[in-house]
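K.L.:
This is model-v3.cif, which holds mmCIF, C-alpha atoms and all ligand atoms; chains and numbers go by the auth columns:
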```cif
data_query
#
loop_
_atom_site.group_PDB
_atom_site.id
_atom_site.type_symbol
_atom_site.label_atom_id
_atom_site.label_comp_id
_atom_site.label_asym_id
_atom_site.label_seq_id
_atom_site.Cartn_x
_atom_site.Cartn_y
_atom_site.Cartn_z
_atom_site.B_iso_or_equiv
_atom_site.auth_seq_id
_atom_site.auth_asym_id
ATOM 1 C CA MET A 1 102.014 97.698 103.588 0.00 1 A
ATOM 2 C CA LYS A 2 102.464 96.090 100.208 0.00 2 A
ATOM 3 C CA ILE A 3 103.759 92.560 99.632 0.00 3 A
ATOM 4 C CA VAL A 4 105.783 92.138 96.456 0.00 4 A
ATOM 5 C CA ALA A 5 106.991 88.812 95.059 0.00 5 A
ATOM 6 C CA THR A 6 110.587 88.502 93.892 0.00 6 A
ATOM 7 C CA ARG A 7 111.924 86.363 91.048 0.00 7 A
ATOM 8 C CA LEU A 8 112.758 83.691 93.652 0.00 8 A
ATOM 9 C CA PRO A 9 109.600 81.908 94.814 0.00 9 A
ATOM 10 C CA GLY A 10 109.105 82.237 98.575 0.00 10 A
ATOM 11 C CA VAL A 11 111.240 85.360 98.957 0.00 11 A
ATOM 12 C CA LEU A 12 109.038 88.419 99.481 0.00 12 A
ATOM 13 C CA VAL A 13 109.495 92.154 99.832 0.00 13 A
ATOM 14 C CA PHE A 14 107.397 94.004 102.409 0.00 14 A
ATOM 15 C CA GLU A 15 106.927 97.651 101.498 0.00 15 A
ATOM 16 C CA PRO A 16 105.555 99.637 104.433 0.00 16 A
ATOM 17 C CA LYS A 17 103.962 103.072 104.214 0.00 17 A
ATOM 18 C CA VAL A 18 106.407 105.744 105.351 0.00 18 A
ATOM 19 C CA PHE A 19 104.891 108.877 106.903 0.00 19 A
ATOM 20 C CA GLY A 20 107.348 111.730 106.455 0.00 20 A
ATOM 21 C CA ASP A 21 106.826 115.181 107.962 0.00 21 A
ATOM 22 C CA GLU A 22 108.860 118.117 109.221 0.00 22 A
ATOM 23 C CA ARG A 23 109.885 116.105 112.311 0.00 23 A
ATOM 24 C CA GLY A 24 111.286 113.201 110.343 0.00 24 A
ATOM 25 C CA PHE A 25 109.307 110.046 109.560 0.00 25 A
ATOM 26 C CA PHE A 26 107.161 107.337 111.076 0.00 26 A
ATOM 27 C CA VAL A 27 106.978 103.763 109.826 0.00 27 A
ATOM 28 C CA GLU A 28 105.464 100.568 111.189 0.00 28 A
ATOM 29 C CA THR A 29 108.259 98.004 111.151 0.00 29 A
ATOM 30 C CA PHE A 30 106.230 94.910 112.015 0.00 30 A
ATOM 31 C CA ARG A 31 102.703 93.641 112.443 0.00 31 A
ATOM 32 C CA GLN A 32 101.798 90.029 113.123 0.00 32 A
ATOM 33 C CA THR A 33 99.099 90.315 110.435 0.00 33 A
ATOM 34 C CA TRP A 34 101.749 90.889 107.740 0.00 34 A
ATOM 35 C CA LEU A 35 102.729 87.236 107.954 0.00 35 A
ATOM 36 C CA GLN A 36 99.118 86.052 107.607 0.00 36 A
ATOM 37 C CA GLU A 37 98.639 88.396 104.630 0.00 37 A
ATOM 38 C CA ALA A 38 101.751 86.910 103.050 0.00 38 A
ATOM 39 C CA GLY A 39 100.635 83.337 103.763 0.00 39 A
ATOM 40 C CA ILE A 40 103.554 82.721 106.096 0.00 40 A
ATOM 41 C CA ASP A 41 102.666 80.348 108.908 0.00 41 A
ATOM 42 C CA GLN A 42 105.581 81.253 111.185 0.00 42 A
ATOM 43 C CA ALA A 43 106.200 83.199 114.373 0.00 43 A
ATOM 44 C CA PHE A 44 109.304 85.118 115.367 0.00 44 A
ATOM 45 C CA VAL A 45 111.253 84.194 118.490 0.00 45 A
ATOM 46 C CA GLN A 46 114.480 86.201 118.191 0.00 46 A
ATOM 47 C CA ASP A 47 115.456 89.724 117.098 0.00 47 A
ATOM 48 C CA ASN A 48 119.013 90.637 116.069 0.00 48 A
ATOM 49 C CA GLN A 49 120.947 93.762 115.168 0.00 49 A
ATOM 50 C CA SER A 50 124.372 94.208 113.639 0.00 50 A
ATOM 51 C CA ARG A 51 126.368 97.286 112.693 0.00 51 A
ATOM 52 C CA SER A 52 128.711 97.228 109.728 0.00 52 A
ATOM 53 C CA ARG A 53 130.749 99.698 107.761 0.00 53 A
ATOM 54 C CA ARG A 54 130.861 100.134 104.002 0.00 54 A
ATOM 55 C CA GLY A 55 132.138 97.032 102.224 0.00 55 A
ATOM 56 C CA VAL A 56 131.354 94.604 105.013 0.00 56 A
ATOM 57 C CA LEU A 57 129.822 91.459 103.586 0.00 57 A
ATOM 58 C CA ARG A 58 128.154 88.979 105.931 0.00 58 A
ATOM 59 C CA GLY A 59 127.044 85.578 104.630 0.00 59 A
ATOM 60 C CA LEU A 60 125.948 83.403 103.108 0.00 60 A
ATOM 61 C CA HIS A 61 124.470 81.894 106.254 0.00 61 A
ATOM 62 C CA TYR A 62 121.819 79.342 107.136 0.00 62 A
ATOM 63 C CA GLN A 63 121.009 77.097 110.045 0.00 63 A
ATOM 64 C CA LEU A 64 120.798 73.383 109.357 0.00 64 A
ATOM 65 C CA THR A 65 118.606 72.186 112.235 0.00 65 A
ATOM 66 C CA ASN A 66 115.667 74.423 113.070 0.00 66 A
ATOM 67 C CA PRO A 67 116.151 76.563 109.934 0.00 67 A
ATOM 68 C CA GLN A 68 115.505 80.243 110.504 0.00 68 A
ATOM 69 C CA GLY A 69 113.069 82.295 108.498 0.00 69 A
ATOM 70 C CA LYS A 70 114.263 85.919 108.604 0.00 70 A
ATOM 71 C CA LEU A 71 112.551 89.256 108.153 0.00 71 A
ATOM 72 C CA VAL A 72 115.386 91.694 107.532 0.00 72 A
ATOM 73 C CA ARG A 73 115.768 95.446 107.065 0.00 73 A
ATOM 74 C CA ALA A 74 118.299 98.251 107.177 0.00 74 A
ATOM 75 C CA ALA A 75 117.259 100.432 110.135 0.00 75 A
ATOM 76 C CA ARG A 76 120.066 102.800 109.157 0.00 76 A
ATOM 77 C CA GLY A 77 122.044 103.041 105.927 0.00 77 A
ATOM 78 C CA ARG A 78 121.778 100.968 102.758 0.00 78 A
ATOM 79 C CA VAL A 79 122.571 97.348 102.060 0.00 79 A
ATOM 80 C CA TYR A 80 122.319 94.873 99.216 0.00 80 A
ATOM 81 C CA ASP A 81 120.568 91.853 100.622 0.00 81 A
ATOM 82 C CA VAL A 82 120.676 88.402 99.059 0.00 82 A
ATOM 83 C CA ALA A 83 118.723 85.172 99.499 0.00 83 A
ATOM 84 C CA VAL A 84 119.741 81.864 97.909 0.00 84 A
ATOM 85 C CA ASP A 85 117.555 78.787 97.684 0.00 85 A
ATOM 86 C CA ILE A 86 119.820 75.974 98.904 0.00 86 A
ATOM 87 C CA ARG A 87 117.072 73.525 99.845 0.00 87 A
ATOM 88 C CA GLN A 88 118.005 70.029 98.741 0.00 88 A
ATOM 89 C CA GLY A 89 115.574 69.036 95.962 0.00 89 A
ATOM 90 C CA SER A 90 114.109 72.487 95.396 0.00 90 A
ATOM 91 C CA PRO A 91 113.260 73.295 91.757 0.00 91 A
ATOM 92 C CA ASN A 92 115.041 76.622 92.363 0.00 92 A
ATOM 93 C CA PHE A 93 118.128 75.105 93.978 0.00 93 A
ATOM 94 C CA GLY A 94 121.136 77.424 93.671 0.00 94 A
ATOM 95 C CA GLN A 95 119.094 80.420 92.497 0.00 95 A
ATOM 96 C CA TRP A 96 119.450 83.786 94.187 0.00 96 A
ATOM 97 C CA VAL A 97 117.765 87.153 94.427 0.00 97 A
ATOM 98 C CA GLY A 98 119.172 90.493 95.599 0.00 98 A
ATOM 99 C CA VAL A 99 117.246 93.518 96.889 0.00 99 A
ATOM 100 C CA GLU A 100 118.432 96.898 98.114 0.00 100 A
ATOM 101 C CA LEU A 101 117.204 97.753 101.597 0.00 101 A
ATOM 102 C CA ASP A 102 117.583 101.239 103.043 0.00 102 A
ATOM 103 C CA ASP A 103 116.401 103.711 105.675 0.00 103 A
ATOM 104 C CA VAL A 104 114.426 105.733 103.126 0.00 104 A
ATOM 105 C CA HIS A 105 111.954 103.198 101.704 0.00 105 A
ATOM 106 C CA HIS A 106 112.210 100.871 104.722 0.00 106 A
ATOM 107 C CA ARG A 107 111.610 97.774 102.604 0.00 107 A
ATOM 108 C CA GLN A 108 111.992 94.471 104.378 0.00 108 A
ATOM 109 C CA LEU A 109 112.920 91.129 102.882 0.00 109 A
ATOM 110 C CA TRP A 110 111.397 87.814 103.959 0.00 110 A
ATOM 111 C CA ILE A 111 113.882 84.973 103.632 0.00 111 A
ATOM 112 C CA PRO A 112 112.136 81.648 104.201 0.00 112 A
ATOM 113 C CA PRO A 113 113.621 78.880 106.361 0.00 113 A
ATOM 114 C CA GLY A 114 116.104 76.789 104.393 0.00 114 A
ATOM 115 C CA PHE A 115 117.462 79.677 102.318 0.00 115 A
ATOM 116 C CA ALA A 116 120.986 81.049 102.718 0.00 116 A
ATOM 117 C CA HIS A 117 121.209 84.755 103.458 0.00 117 A
ATOM 118 C CA GLY A 118 123.842 87.454 103.194 0.00 118 A
ATOM 119 C CA PHE A 119 124.273 91.154 102.615 0.00 119 A
ATOM 120 C CA CYS A 120 126.873 93.791 101.870 0.00 120 A
ATOM 121 C CA VAL A 121 126.904 97.403 103.002 0.00 121 A
ATOM 122 C CA LEU A 122 126.595 100.204 100.442 0.00 122 A
ATOM 123 C CA SER A 123 126.480 103.197 102.837 0.00 123 A
ATOM 124 C CA GLU A 124 129.212 104.444 105.187 0.00 124 A
ATOM 125 C CA GLN A 125 127.586 102.477 107.976 0.00 125 A
ATOM 126 C CA ALA A 126 124.514 100.297 108.310 0.00 126 A
ATOM 127 C CA GLU A 127 122.425 99.051 111.186 0.00 127 A
ATOM 128 C CA PHE A 128 120.928 95.760 110.110 0.00 128 A
ATOM 129 C CA VAL A 129 117.933 94.517 112.062 0.00 129 A
ATOM 130 C CA TYR A 130 116.091 91.241 111.673 0.00 130 A
ATOM 131 C CA LYS A 131 113.577 88.887 113.177 0.00 131 A
ATOM 132 C CA CYS A 132 114.103 85.108 113.188 0.00 132 A
ATOM 133 C CA THR A 133 111.609 82.242 113.415 0.00 133 A
ATOM 134 C CA SER A 134 114.024 79.933 115.305 0.00 134 A
ATOM 135 C CA TYR A 135 116.625 80.541 117.961 0.00 135 A
ATOM 136 C CA TYR A 136 120.264 80.776 116.953 0.00 136 A
ATOM 137 C CA ASP A 137 121.959 77.434 117.441 0.00 137 A
ATOM 138 C CA ALA A 138 125.749 77.757 117.123 0.00 138 A
ATOM 139 C CA PRO A 139 126.449 74.057 116.341 0.00 139 A
ATOM 140 C CA SER A 140 124.117 74.106 113.330 0.00 140 A
ATOM 141 C CA ASP A 141 125.316 77.487 112.052 0.00 141 A
ATOM 142 C CA SER A 142 126.276 76.802 108.418 0.00 142 A
ATOM 143 C CA GLY A 143 127.116 78.646 105.274 0.00 143 A
ATOM 144 C CA VAL A 144 128.064 78.785 101.632 0.00 144 A
ATOM 145 C CA LEU A 145 130.821 80.809 99.997 0.00 145 A
ATOM 146 C CA TRP A 146 129.644 84.345 99.158 0.00 146 A
ATOM 147 C CA ASN A 147 131.144 84.356 95.644 0.00 147 A
ATOM 148 C CA ASP A 148 130.486 80.742 94.662 0.00 148 A
ATOM 149 C CA LEU A 149 130.627 80.803 90.856 0.00 149 A
ATOM 150 C CA ASP A 150 127.844 78.241 90.565 0.00 150 A
ATOM 151 C CA ILE A 151 125.483 80.590 92.372 0.00 151 A
ATOM 152 C CA GLY A 152 126.852 83.653 90.578 0.00 152 A
ATOM 153 C CA ILE A 153 125.563 86.441 92.803 0.00 153 A
ATOM 154 C CA GLN A 154 126.143 89.819 91.179 0.00 154 A
ATOM 155 C CA TRP A 155 127.335 91.735 94.214 0.00 155 A
ATOM 156 C CA PRO A 156 127.337 95.502 93.648 0.00 156 A
ATOM 157 C CA ASP A 157 130.469 97.611 93.530 0.00 157 A
ATOM 158 C CA VAL A 158 130.658 99.172 97.003 0.00 158 A
ATOM 159 C CA GLY A 159 133.705 101.322 96.239 0.00 159 A
ATOM 160 C CA VAL A 160 136.010 99.507 98.675 0.00 160 A
ATOM 161 C CA PRO A 161 137.218 95.905 98.962 0.00 161 A
ATOM 162 C CA PHE A 162 134.721 93.576 100.598 0.00 162 A
ATOM 163 C CA GLN A 163 135.447 92.817 104.232 0.00 163 A
ATOM 164 C CA LEU A 164 134.430 89.372 105.473 0.00 164 A
ATOM 165 C CA SER A 165 134.881 87.405 108.688 0.00 165 A
ATOM 166 C CA ALA A 166 137.474 84.606 108.680 0.00 166 A
ATOM 167 C CA LYS A 167 134.565 82.179 108.972 0.00 167 A
ATOM 168 C CA ASP A 168 132.878 83.553 105.855 0.00 168 A
ATOM 169 C CA ILE A 169 136.069 83.574 103.767 0.00 169 A
ATOM 170 C CA ALA A 170 136.468 79.866 104.501 0.00 170 A
ATOM 171 C CA MET A 171 132.894 78.823 103.679 0.00 171 A
ATOM 172 C CA PRO A 172 132.549 75.878 101.270 0.00 172 A
ATOM 173 C CA ARG A 173 131.092 76.087 97.801 0.00 173 A
ATOM 174 C CA LEU A 174 127.621 74.696 97.238 0.00 174 A
ATOM 175 C CA CYS A 175 128.950 71.860 95.041 0.00 175 A
ATOM 176 C CA ASP A 176 131.276 70.741 97.858 0.00 176 A
ATOM 177 C CA LYS A 177 128.520 70.428 100.436 0.00 177 A
ATOM 178 C CA ALA A 178 127.271 66.959 101.327 0.00 178 A
ATOM 179 C CA ALA A 179 123.527 66.530 100.822 0.00 179 A
ATOM 180 C CA GLU A 180 122.963 66.047 104.559 0.00 180 A
ATOM 181 C CA THR A 181 124.475 69.470 105.278 0.00 181 A
ATOM 182 C CA LEU A 182 121.786 71.232 103.219 0.00 182 A
ATOM 183 C CA PRO A 183 118.249 71.989 104.408 0.00 183 A
ATOM 184 C CA PRO A 184 115.498 69.783 102.986 0.00 184 A
ATOM 185 C CA TYR A 185 113.037 71.218 100.487 0.00 185 A
ATOM 186 C CA ASP A 186 110.161 70.547 102.894 0.00 186 A
ATOM 187 C CA SER A 187 111.542 73.202 105.274 0.00 187 A
ATOM 188 C CA ARG A 188 109.706 75.800 103.180 0.00 188 A
ATOM 189 C CA PRO A 189 107.048 77.893 104.945 0.00 189 A
HETATM 190 C C1 LIG B . 123.821 85.115 114.508 0.00 201 A
HETATM 191 C C2 LIG B . 124.202 85.109 115.995 0.00 201 A
HETATM 192 C C3 LIG B . 125.507 85.251 116.380 0.00 201 A
HETATM 193 N N1 LIG B . 125.827 85.204 117.689 0.00 201 A
HETATM 194 C C4 LIG B . 127.235 85.398 118.060 0.00 201 A
HETATM 195 C C5 LIG B . 128.180 84.368 117.501 0.00 201 A
HETATM 196 C C6 LIG B . 129.441 85.128 117.253 0.00 201 A
HETATM 197 O O1 LIG B . 130.281 85.094 118.405 0.00 201 A
HETATM 198 C C7 LIG B . 128.997 86.571 117.028 0.00 201 A
HETATM 199 C C8 LIG B . 129.032 86.978 115.566 0.00 201 A
HETATM 200 O O2 LIG B . 128.370 85.971 114.810 0.00 201 A
HETATM 201 P P1 LIG B . 128.470 85.909 113.234 0.00 201 A
HETATM 202 O O3 LIG B . 129.854 86.190 112.803 0.00 201 A
HETATM 203 O O4 LIG B . 127.846 84.627 112.772 0.00 201 A
HETATM 204 O O5 LIG B . 127.553 87.169 112.834 0.00 201 A
HETATM 205 P P2 LIG B . 126.990 87.541 111.401 0.00 201 A
HETATM 206 O O6 LIG B . 128.030 87.270 110.384 0.00 201 A
HETATM 207 O O7 LIG B . 126.412 88.873 111.464 0.00 201 A
HETATM 208 O O8 LIG B . 125.837 86.437 111.218 0.00 201 A
HETATM 209 C C9 LIG B . 124.600 86.797 110.673 0.00 201 A
HETATM 210 O O9 LIG B . 124.782 86.987 109.282 0.00 201 A
HETATM 211 C C10 LIG B . 123.588 87.238 108.547 0.00 201 A
HETATM 212 C C11 LIG B . 123.961 87.290 107.092 0.00 201 A
HETATM 213 C C12 LIG B . 122.493 86.309 108.872 0.00 201 A
HETATM 214 O O10 LIG B . 121.713 85.894 108.024 0.00 201 A
HETATM 215 C C13 LIG B . 122.302 85.990 110.300 0.00 201 A
HETATM 216 O O11 LIG B . 121.388 84.952 110.502 0.00 201 A
HETATM 217 C C14 LIG B . 123.606 85.676 110.966 0.00 201 A
HETATM 218 O O12 LIG B . 124.105 84.430 110.469 0.00 201 A
HETATM 219 O O13 LIG B . 127.656 86.650 117.531 0.00 201 A
HETATM 220 C C15 LIG B . 124.882 85.046 118.668 0.00 201 A
HETATM 221 O O14 LIG B . 125.190 85.011 119.885 0.00 201 A
HETATM 222 N N2 LIG B . 123.571 84.917 118.306 0.00 201 A
HETATM 223 C C16 LIG B . 123.193 84.950 116.998 0.00 201 A
HETATM 224 O O15 LIG B . 121.963 84.839 116.688 0.00 201 A
#
```
Before anything else, please render the file you have as structure tokens.

P.N.:
Amino acid sequence: MKIVATRLPGVLVFEPKVFGDERGFFVETFRQTWLQEAGIDQAFVQDNQSRSRRGVLRGLHYQLTNPQGKLVRAARGRVYDVAVDIRQGSPNFGQWVGVELDDVHHRQLWIPPGFAHGFCVLSEQAEFVYKCTSYYDAPSDSGVLWNDLDIGIQWPDVGVPFQLSAKDIAMPRLCDKAAETLPPYDSRP
């Protein structure tokens, strides 16, 4: 497993070794030691899975209290995954990074606590699987608008119109968020 830095400090790509043979493939999807190797002092408490069709865009989400660090991957299909640093006072505030995740290379993205996260689906269908460092807490579920011009995420052309939940369409822009509704910079790993 290789750990690769992205242009956004704190956001890391985990590249596992994929063993392909005539039966299919084998890949290790998680080892506790990966976190130590990456210098991440966190433990996972919740695993999630979602299924989405082409064009579905989920995000940009974060949790205000007990921010969630997330280790995400596409168990099936291909997605464009995005992390945004929205930590109040961060030198990288408002900056984003996008990485393609698929069921061929099996790359995983580490999104530290305090970052907003979202993805869109590039394949006909995708199974998105992720581990979280804090439990989901509905009252502190928060978000930022996916196409906020100030963030300027370059979402790929997926060939169909994006499909978002009503909640995600109505998310506020980063500039309209009160400081107390953003995670503090010290929530970094
Ligand atoms: C995230 C989550 C949702 N739910 C419920 C709430 C709701 O009724 C239903 C669907 O929730 P959502 O619409 O928020 O699902 P979704 O849009 O897939 O939310 C996810 O998006 C990606 C981008 C993330 O980063 C995740 O952390 C999470 O926020 O599932 C849970 O019970 N536990 C959870 O951990």

K.L.:
If you measure from CA of Ala83 in chain A to CA of Val11 in chain A, what distance in Å do you get, rounded to one decimal?

P.N.:
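If I compute the distance from CA of Ala83 in chain A to CA of Val11 in chain A, I get 7.5 Å.
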
K.L.:
With distances taken over all atoms listed in the file, which residue among A:Tyr62, A:Phe162, A:Tyr80, A:Trp155 lies nearest ligand LIG 201 (chain A)?

P.N.:
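Of A:Tyr62, A:Phe162, A:Tyr80, A:Trp155, the one nearest ligand LIG 201 (chain A), counting all atoms listed in the file, is A:Tyr62.
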
K.L.:
List every residue of chain A that has an atom at most 10 Å from any atom of ligand LIG 201 (chain A), giving for each one its closest atom pair and the distance in Å to one decimal, counting only C-alpha atoms and all ligand atoms, sorted by chain and then by ascending residue number, as a tab-separated table.

P.N.:
```
residue	atom	partner	partner_atom	distance
A:Gln46	CA	A:LIG201	O15	7.8
A:Asp47	CA	A:LIG201	O15	8.1
A:Asn48	CA	A:LIG201	O15	6.5
A:Gln49	CA	A:LIG201	O7	8.2
A:Ser50	CA	A:LIG201	O7	6.1
A:Arg51	CA	A:LIG201	O7	8.5
A:Ser52	CA	A:LIG201	O7	8.8
A:Val56	CA	A:LIG201	O6	9.7
A:Leu57	CA	A:LIG201	C11	8.0
A:Arg58	CA	A:LIG201	C11	4.7
A:Gly59	CA	A:LIG201	C11	4.3
A:Leu60	CA	A:LIG201	C11	5.9
A:His61	CA	A:LIG201	O12	4.9
A:Tyr62	CA	A:LIG201	O12	6.5
A:Gln63	CA	A:LIG201	O11	7.9
A:Pro67	CA	A:LIG201	O11	9.9
A:Gln68	CA	A:LIG201	O11	7.5
A:Gly69	CA	A:LIG201	O11	9.0
A:Lys70	CA	A:LIG201	O11	7.4
A:Leu71	CA	A:LIG201	O10	9.8
A:Val72	CA	A:LIG201	O10	8.6
A:Asp81	CA	A:LIG201	C11	8.6
A:Val82	CA	A:LIG201	C11	8.7
A:Ala83	CA	A:LIG201	O10	9.1
A:Ile111	CA	A:LIG201	O10	9.0
A:Phe115	CA	A:LIG201	O10	9.4
A:Ala116	CA	A:LIG201	O10	7.2
A:His117	CA	A:LIG201	O10	4.7
A:Gly118	CA	A:LIG201	C11	3.9
A:Phe119	CA	A:LIG201	C11	5.9
A:Cys120	CA	A:LIG201	C11	8.8
A:Phe128	CA	A:LIG201	O7	8.9
A:Val129	CA	A:LIG201	C13	9.7
A:Tyr130	CA	A:LIG201	C13	8.2
A:Lys131	CA	A:LIG201	O11	9.1
A:Cys132	CA	A:LIG201	O11	7.8
A:Ser134	CA	A:LIG201	O15	9.4
A:Tyr135	CA	A:LIG201	O15	7.0
A:Tyr136	CA	A:LIG201	O15	4.4
A:Asp137	CA	A:LIG201	O15	7.4
A:Ala138	CA	A:LIG201	C5	7.1
A:Asp141	CA	A:LIG201	O12	7.2
A:Ser142	CA	A:LIG201	O12	8.2
A:Gly143	CA	A:LIG201	O12	8.3
A:Leu164	CA	A:LIG201	O6	8.3
A:Ser165	CA	A:LIG201	O3	6.6
A:Ala166	CA	A:LIG201	O3	8.8
A:Lys167	CA	A:LIG201	O3	7.3
A:Asp168	CA	A:LIG201	O6	7.6
```

K.L.:
Return as JSON lines the residues of range 93-123 of chain A lying at most 12 Å from range 22-45 of chain A, together with the closest atom-to-atom pair for each and the distance in Å to one decimal, counting all atoms listed in the file, with rows in chain order and ascending residue number.

P.N.:
```
{"residue": "A:Asp103", "atom": "CA", "partner": "A:Phe25", "partner_atom": "CA", "distance": 10.3}
{"residue": "A:Val104", "atom": "CA", "partner": "A:Phe25", "partner_atom": "CA", "distance": 9.3}
{"residue": "A:His105", "atom": "CA", "partner": "A:Val27", "partner_atom": "CA", "distance": 9.5}
{"residue": "A:His106", "atom": "CA", "partner": "A:Val27", "partner_atom": "CA", "distance": 7.9}
{"residue": "A:Arg107", "atom": "CA", "partner": "A:Thr29", "partner_atom": "CA", "distance": 9.2}
{"residue": "A:Gln108", "atom": "CA", "partner": "A:Thr29", "partner_atom": "CA", "distance": 8.5}
{"residue": "A:Leu109", "atom": "CA", "partner": "A:Thr29", "partner_atom": "CA", "distance": 11.7}
{"residue": "A:Trp110", "atom": "CA", "partner": "A:Leu35", "partner_atom": "CA", "distance": 9.6}
{"residue": "A:Ile111", "atom": "CA", "partner": "A:Ile40", "partner_atom": "CA", "distance": 10.9}
{"residue": "A:Pro112", "atom": "CA", "partner": "A:Ile40", "partner_atom": "CA", "distance": 8.9}
{"residue": "A:Pro113", "atom": "CA", "partner": "A:Gln42", "partner_atom": "CA", "distance": 9.7}
```

K.L.:
List the neighbours of range 4-10 of chain A out to 8 Å using only C-alpha atoms; skip same-chain residues closer than 2 positions along the sequence, and give me the result as JSON, numbers by chain.

P.N.:
{"A": [2, 12, 13, 14, 15, 85, 92, 95, 96, 97, 111, 112, 188, 189]}

K.L.:
Taking all atoms of range 87-105 of chain A that the file lists and extending 8 Å past them on each side, where is the centre of the axis-aligned box and how long are its edges? Answer in Å to one decimal, as JSON.

P.N.:
```
{"center_x": 116.5, "center_y": 87.4, "center_z": 98.7, "size_x": 25.2, "size_y": 52.7, "size_z": 29.9}
```

K.L.:
Between CA of Gln125 in chain A and CA of Val79 in chain A, measure the distance and give it in Å to one decimal.

P.N.:
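Atom-to-atom, CA of Gln125 in chain A to CA of Val79 in chain A, that is 9.3 Å.
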
K.L.:
For CA of Arg53 in chain A and CA of Phe19 in chain A, quote the distance in Å rounded to one decimal.

P.N.:
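Distance reported for this atom pair: 27.5 Å.
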
K.L.:
Apply the PyMOL selection byres (((chain A and resi 76) around 8) and not hetatm) to the structure shown and report the selected residues as a list in words.

P.N.:
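Applied to this file, the PyMOL selection byres (((chain A and resi 76) around 8) and not hetatm) selects Ala74, Ala75, Gly77, Arg78, Asp102, Asp103, Gln125, Ala126, Glu127 and Phe128 of chain A.
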
K.L.:
Mind writing the picked residues with C-alpha atoms as a PDB file, in the frame of the given file?

P.N.:
```
ATOM      1  CA  ALA A  74     118.299  98.251 107.177  1.00  0.00           C
ATOM      2  CA  ALA A  75     117.259 100.432 110.135  1.00  0.00           C
ATOM      3  CA  GLY A  77     122.044 103.041 105.927  1.00  0.00           C
ATOM      4  CA  ARG A  78     121.778 100.968 102.758  1.00  0.00           C
ATOM      5  CA  ASP A 102     117.583 101.239 103.043  1.00  0.00           C
ATOM      6  CA  ASP A 103     116.401 103.711 105.675  1.00  0.00           C
ATOM      7  CA  GLN A 125     127.586 102.477 107.976  1.00  0.00           C
ATOM      8  CA  ALA A 126     124.514 100.297 108.310  1.00  0.00           C
ATOM      9  CA  GLU A 127     122.425  99.051 111.186  1.00  0.00           C
ATOM     10  CA  PHE A 128     120.928  95.760 110.110  1.00  0.00           C
TER      11      PHE A 128
END
```

K.L.:
Let me make sure I understand: among A:Met1, A:Ser90, A:Asp148, A:Leu64, which one has the smallest atom-to-atom distance to Lys17 in chain A if we use only C-alpha atoms?

P.N.:
A:Met1

K.L.:
Neighbouring residues of Arg87 in chain A were defined as those with any atom within 8 Å, considering only C-alpha atoms; residues of the same chain fewer than 2 positions away were excluded. Please report them as a count of residues only.

P.N.:
11

K.L.:
Residues picked by the PyMOL selection byres (((chain A and resi 160) around 12) and not hetatm) here, as a PyMOL selection string?

P.N.:
chain A and resi 53-57+120-124+156-159+161-163
